Amino acid sequence: MKPLKPEIVLTGDRPTGKLHIGHYVGSIKQRLISQAEYQTNYLMIADMQALTDNAHDVEKIRESVLEVTYDYLGCGIDPEKTTIFIQSLIPELTEFTVIYMNYVTLARLMRNPTVKSEMQLRDFGNTVPIGFLNYPVSQAADITAFNATLVPVGDDQLPMLEQTNEIVRHINFHFETNILKECKPILSQVTRLPGIDGNAKMSKSLNNCIYLSDDRETVSKKVMSMYTDPNHLRVEDPGTVEGNPVFTYLDAFDPDKSELEEWKDHYRRGGLGDVKVKRRLEKILQAELDPIRERRAEYEGKANQIMEMLLESSKKARIVAQENLAKLKSVLGIDYQDMY
Ligand code: TRP
């Protein structure tokens, strides 16, 4: 066996619903690679961050913590190799955040392109909650509290890593230290999966997701109802592959790339029907989802044990954050132990 690389990897999700196949190809697969490759992996269930845009729907967050964990375990995230923890069980993260807030300006937060577009999406304008605007700072806390140097994320999260590294450099420079570590992204190779309705984003609120927990019949129905090329009316008509969600999914899941290319050519020429392409996709998807579904169902039956695991690993993670916070506070001089 190859020795594991020493870097510390940390990533996380907001628990706001079950995970879908977009999460699977976009982030979970990368995490499976990472847990096989690196010595230290943290996977954070970011309930506090979820609160920043779901402040009035705490119940949804609460329920999703276990659902998301079932999804992780079902996909093969191994709690022996990846420390899965709940963000709010590490209060030190809040202390990191409050310290960092003094080194970030309001103007800087308003310039964050991801925050900007999320604010527009939610019509926040001047009514943006402070907690929401501040979430890039709390994300810097998440990353640095564990000395993580590698962060697997989608490209929408790059501004958060930039913000993290700015804080790191600022504090290191000002306090003449190297206590904080800069981080780098591990970018997902797969482009974002569109929704089954052709919308660019797969999202719960659009009701266009295929969930990892969907049963066979639901997956089948969803695939058969997928949006394809609207101009491909008769089988003989030439069809468009680019931007056609059925082919985008096949690109992400089909193990036989050369046969897929033949199918694409056939579709472009005309003579290949949508139903046939959808059947191919369904077969491939079911084969990939079957074992996940099976394992997930098993974990679902063991809610108590899973919760215990989460509490235990959160405790373990907390000790690391506590140590690192004590070091940071000592460097900054927010530490009065030696003054009497
Ligand atoms: N912002 C991330 C998301 O919405 C979740 C997240 C919170 C995260 N803290 C993190 C990701 C730290 C990576 C590192 O998906």
# chains A, B, ... in the order shown; residues from 1 in each chain; ligands from 1
>>> select_by_dssp(residues="segment 142-236 of chain A", states="alpha helix (DSSP H)", output="list in words")
Asp142, Ile143, Thr144, Leu158, Pro159, Met160, Leu161, Glu162, Gln163, Thr164, Asn165, Glu166, Ile167, Val168, Arg169, His170, Ile171, Asn172, Phe173, His174, Arg216, Glu217, Thr218, Val219, Ser220, Lys221, Lys222, Val223 and Met224 of chain A
>>> closest_atom_pairs(of="chain A", to="ligand 1", cutoff="6 Å", atoms="only C-alpha atoms and all ligand atoms", output="Markdown table")
| residue | atom | partner | partner_atom_place_in_ligand_line | distance |
| --- | --- | --- | --- | --- |
| A:Leu10 | CA | ligand 1 | 14 (C) | 5.8 |
| A:Thr11 | CA | ligand 1 | 13 (C) | 3.8 |
| A:Gly12 | CA | ligand 1 | 11 (C) | 4.1 |
| A:Asp13 | CA | ligand 1 | 5 (C) | 4.3 |
| A:Arg14 | CA | ligand 1 | 5 (C) | 5.4 |
| A:Ala46 | CA | ligand 1 | 7 (C) | 5.2 |
| A:Gln139 | CA | ligand 1 | 9 (N) | 4.5 |
| A:Asp142 | CA | ligand 1 | 12 (C) | 5.4 |
| A:Ile143 | CA | ligand 1 | 12 (C) | 5.5 |
| A:Val151 | CA | ligand 1 | 13 (C) | 5.9 |
>>> write_last_selection(atoms="N, CA and C atoms", output="compact mmCIF listing (two decimals), in the first residue's frame")
# COMPACT_ATOMS: atom_id res chain seq x y z
N LEU A 10 -9.58 19.45 4.61
CA LEU A 10 -10.87 19.74 5.26
C LEU A 10 -11.87 20.25 4.23
N THR A 11 -13.07 19.73 4.34
CA THR A 11 -14.14 20.26 3.51
C THR A 11 -15.47 20.13 4.25
N GLY A 12 -16.53 20.67 3.68
CA GLY A 12 -17.79 20.61 4.39
C GLY A 12 -18.99 20.88 3.51
N ASP A 13 -20.15 20.60 4.05
CA ASP A 13 -21.41 20.88 3.37
C ASP A 13 -22.37 21.53 4.36
N ARG A 14 -23.22 22.40 3.83
CA ARG A 14 -24.32 22.90 4.65
C ARG A 14 -25.41 21.84 4.69
N ALA A 46 -21.71 21.65 8.19
CA ALA A 46 -21.65 23.07 8.53
C ALA A 46 -23.02 23.61 8.93
N GLN A 139 -15.79 30.63 7.50
CA GLN A 139 -15.19 29.53 6.74
C GLN A 139 -13.66 29.54 6.89
N ASP A 142 -13.07 27.76 10.02
CA ASP A 142 -13.19 26.30 9.87
C ASP A 142 -11.89 25.69 9.35
N ILE A 143 -11.34 26.35 8.35
CA ILE A 143 -10.17 25.79 7.67
C ILE A 143 -8.93 25.89 8.54
N VAL A 151 -8.27 22.01 0.48
CA VAL A 151 -9.71 22.14 0.66
C VAL A 151 -10.42 21.78 -0.65
>>> closest_residue(among="A:Gln189, A:Gln322, A:Gln49, A:Asn178", to="Val137 of chain A", atoms="only C-alpha atoms")
A:Gln49
>>> closest_atom_pairs(of="segment 270-319 of chain A", to="segment 53-66 of chain A", cutoff="10 Å", atoms="only C-alpha atoms", output="JSON lines")
{"residue": "A:Tyr299", "atom": "CA", "partner": "A:Leu66", "partner_atom": "CA", "distance": 9.9}
{"residue": "A:Glu300", "atom": "CA", "partner": "A:Leu66", "partner_atom": "CA", "distance": 8.6}
{"residue": "A:Ala303", "atom": "CA", "partner": "A:Leu66", "partner_atom": "CA", "distance": 7.7}
{"residue": "A:Ile306", "atom": "CA", "partner": "A:Leu66", "partner_atom": "CA", "distance": 7.8}
{"residue": "A:Met307", "atom": "CA", "partner": "A:Leu66", "partner_atom": "CA", "distance": 7.4}
{"residue": "A:Leu310", "atom": "CA", "partner": "A:Leu66", "partner_atom": "CA", "distance": 9.1}
>>> closest_residue(among="A:Asn207, A:Gln163, A:Thr149, A:Asn199", to="Cys183 of chain A", atoms="only C-alpha atoms")
A:Thr149
>>> residues_around(residues="Pro255 of chain A", least_positions_apart="4", cutoff="12 Å", atoms="only C-alpha atoms", output="NGL selection string")
:A and (249-251 or 259-261 or 280-281 or 283-285 or 287-288)
>>> write_last_selection(atoms="N, CA and C atoms", output="short mmCIF file (atom, residue, chain, number, x, y, z; two decimals), in the first residue's frame")
data_model
loop_
_atom_site.label_atom_id
_atom_site.label_comp_id
_atom_site.auth_asym_id
_atom_site.auth_seq_id
_atom_site.Cartn_x
_atom_site.Cartn_y
_atom_site.Cartn_z
N TYR A 249 -25.10 14.00 -18.00
CA TYR A 249 -25.07 12.95 -16.97
C TYR A 249 -24.25 11.75 -17.44
N LEU A 250 -24.44 11.39 -18.73
CA LEU A 250 -23.67 10.26 -19.24
C LEU A 250 -22.18 10.57 -19.19
N ASP A 251 -21.82 11.81 -19.53
CA ASP A 251 -20.40 12.20 -19.43
C ASP A 251 -19.88 11.97 -18.02
N GLU A 259 -17.74 4.08 -26.34
CA GLU A 259 -19.08 3.78 -26.84
C GLU A 259 -19.99 5.00 -26.71
N LEU A 260 -19.79 5.75 -25.65
CA LEU A 260 -20.59 6.97 -25.45
C LEU A 260 -20.35 7.94 -26.60
N GLU A 261 -19.10 8.06 -27.04
CA GLU A 261 -18.80 8.95 -28.16
C GLU A 261 -19.53 8.49 -29.43
N ARG A 280 -30.16 3.93 -21.44
CA ARG A 280 -28.73 3.70 -21.18
C ARG A 280 -28.34 4.41 -19.87
N LEU A 281 -28.76 5.68 -19.76
CA LEU A 281 -28.42 6.45 -18.56
C LEU A 281 -29.02 5.80 -17.32
N LYS A 283 -29.75 2.73 -16.69
CA LYS A 283 -29.07 1.49 -16.32
C LYS A 283 -27.75 1.81 -15.58
N ILE A 284 -27.03 2.76 -16.12
CA ILE A 284 -25.74 3.14 -15.53
C ILE A 284 -25.94 3.76 -14.15
N LEU A 285 -26.93 4.64 -14.06
CA LEU A 285 -27.19 5.32 -12.78
C LEU A 285 -27.61 4.33 -11.71
N ALA A 287 -26.99 1.20 -11.51
CA ALA A 287 -25.85 0.36 -11.11
C ALA A 287 -24.95 1.09 -10.13
N GLU A 288 -24.78 2.39 -10.34
CA GLU A 288 -23.93 3.18 -9.44
C GLU A 288 -24.65 3.43 -8.10
#
>>> residues_around(residues="Glu95 of chain A", least_positions_apart="6", cutoff="10 Å", atoms="only C-alpha atoms", output="mmCIF file with C-alpha atoms, in the first residue's frame")
data_model
loop_
_atom_site.group_PDB
_atom_site.id
_atom_site.type_symbol
_atom_site.label_atom_id
_atom_site.label_comp_id
_atom_site.auth_asym_id
_atom_site.auth_seq_id
_atom_site.Cartn_x
_atom_site.Cartn_y
_atom_site.Cartn_z
ATOM 1 C CA MET A 101 -13.610 39.598 12.003
ATOM 2 C CA SER A 138 -16.316 31.794 9.564
ATOM 3 C CA ALA A 141 -12.059 29.815 10.859
ATOM 4 C CA LEU A 325 -7.048 28.300 19.258
ATOM 5 C CA LYS A 329 -4.525 33.457 21.236
#
>>> atom_distance(atom1="atom CA of Pro113 of chain A", atom2="atom CA of Thr144 of chain A")
21.6 Å
>>> residues_around(residues="Met160 of chain A", least_positions_apart="2", cutoff="9 Å", atoms="only C-alpha atoms", output="list in words")
Asn112, Thr114, Tyr135, Pro136, Val137, Gln139, Ala140, Asp156, Gln157, Leu158, Glu162, Gln163, Thr164 and Asn165 of chain A
>>> closest_residue(among="A:Lys264, A:Lys204, A:Arg31, A:Lys278", to="Ser188 of chain A", atoms="only C-alpha atoms")
A:Arg31
>>> closest_residue(among="A:Asn134, A:Gln39, A:Asn304, A:Lys201", to="Leu51 of chain A", atoms="only C-alpha atoms")
A:Asn134
>>> closest_residue(among="A:Lys18, A:Lys257, A:Lys2, A:His266", to="Tyr70 of chain A", atoms="only C-alpha atoms")
A:Lys18
